[in-house]
Amino acid sequence: MAFDKWDRRFMQMCDLIGTWASCYKSDRKMGCMIVKDKRVLTTGYNGAPAGLKTCVERGECMRVRLGIPSGQQAQLCYAVHAEQNALIQAAKLGLSVDGATLYVTNRPCVICAKLIINAGIRRIVYRYDYPDDFALELLNEAGVILEQYDQAD
């Protein structure tokens with residue numbers, strides 16, 4: 001898959017947005033943006049719900065403490081996922097994301113996949129794979145285009 005200059009730009013922006021995440025684990029800092037017609041509609045990064053202590057402030061990752069492997073029991077985490085925050089921002093601003101492209105650091109989990117499908121996102125560009133086969137199955141069944149970004153492109 002060949003990516004154009006816009007895909008590269010938007011993925012670079014996702015990387016930057018991910019640095020804002022308040023996740024305790026450095027490898028879990030995710031960035032996301034929703035784009036339509038080469039225009040950024042919303043952005044999101046993973047972090048605690050508004051007004052609640054972040055994992056950094058708590059000084060721990062609950063998932064590490066509980067020994068939960070990546071790709072399992074996504075609901076057991078203080079953070080709202082980057083994709084969820086980008087979709088919530090669109091709802092709060094009254095923006096339609098129907099037919100848009102979602103750029104994200106990691107391929108979405110099943111919870112995010114369901115939200116993405118219902119929001120009408122048609123394409124997802126992601127950098128890293130994520131161990132959630134059920135999410136992949138749902139996205140494929142819904143006809144959402146999944147493209148893993150290769151930095152070499």
# chains A, B, ... in the order shown; residues from 1 in each chain; ligands from 1

call {"tool": "select_by_dssp", "arguments": {"residues": "chain A", "states": "strand (DSSP E or B)", "output": "number ranges by chain"}}
result
A: 31-36, 39-45, 47, 80, 101-106, 123-128, 145-148

call {"tool": "residues_around", "arguments": {"residues": "Gly31 in chain A", "least_positions_apart": "5", "cutoff": "8 Å", "atoms": "only C-alpha atoms", "output": "ChimeraX atom specification"}}
result
/A:14-19,21,43-46,82-83,104-105

call {"tool": "atom_distance", "arguments": {"atom1": "CA of Thr54 in chain A", "atom2": "CA of Gly71 in chain A"}}
result
20.6 Å

call {"tool": "residues_around", "arguments": {"residues": "Gly67 in chain A", "least_positions_apart": "6", "cutoff": "12 Å", "atoms": "only C-alpha atoms", "output": "short mmCIF file (atom, residue, chain, number, x, y, z; two decimals) with C-alpha atoms, in the first residue's frame"}}
result
data_model
loop_
_atom_site.label_atom_id
_atom_site.label_comp_id
_atom_site.auth_asym_id
_atom_site.auth_seq_id
_atom_site.Cartn_x
_atom_site.Cartn_y
_atom_site.Cartn_z
CA CYS A 61 -0.86 1.34 35.65
CA GLN A 73 -10.17 -6.68 29.18
CA LEU A 76 -10.11 -2.41 33.06
CA CYS A 77 -8.15 0.78 32.56
#

call {"tool": "residues_around", "arguments": {"residues": "Lys53 in chain A", "least_positions_apart": "6", "cutoff": "10 Å", "atoms": "only C-alpha atoms", "output": "ChimeraX atom specification"}}
result
/A:22,47,59,78-79

call {"tool": "atom_distance", "arguments": {"atom1": "CA of Gly99 in chain A", "atom2": "CA of Lys36 in chain A"}}
result
7.4 Å

call {"tool": "atom_distance", "arguments": {"atom1": "CA of Gln148 in chain A", "atom2": "CA of Leu87 in chain A"}}
result
20.6 Å

call {"tool": "closest_atom_pairs", "arguments": {"of": "range 11-116 of chain A", "to": "range 122-142 of chain A", "cutoff": "7 Å", "atoms": "only C-alpha atoms", "output": "CSV"}}
result
residue,atom,partner,partner_atom,distance
A:Ser70,CA,A:Pro131,CA,7.0
A:Gly71,CA,A:Pro131,CA,5.0
A:Gly99,CA,A:Arg122,CA,5.1
A:Ala100,CA,A:Arg122,CA,5.9
A:Thr101,CA,A:Arg123,CA,4.7
A:Leu102,CA,A:Ile124,CA,4.8
A:Tyr103,CA,A:Val125,CA,4.8
A:Val104,CA,A:Tyr126,CA,4.9
A:Thr105,CA,A:Arg127,CA,5.2
A:Asn106,CA,A:Tyr128,CA,4.6
A:Arg107,CA,A:Asp129,CA,5.3
A:Cys109,CA,A:Ala135,CA,5.7
A:Val110,CA,A:Ala135,CA,4.1
A:Ala113,CA,A:Ala135,CA,5.8
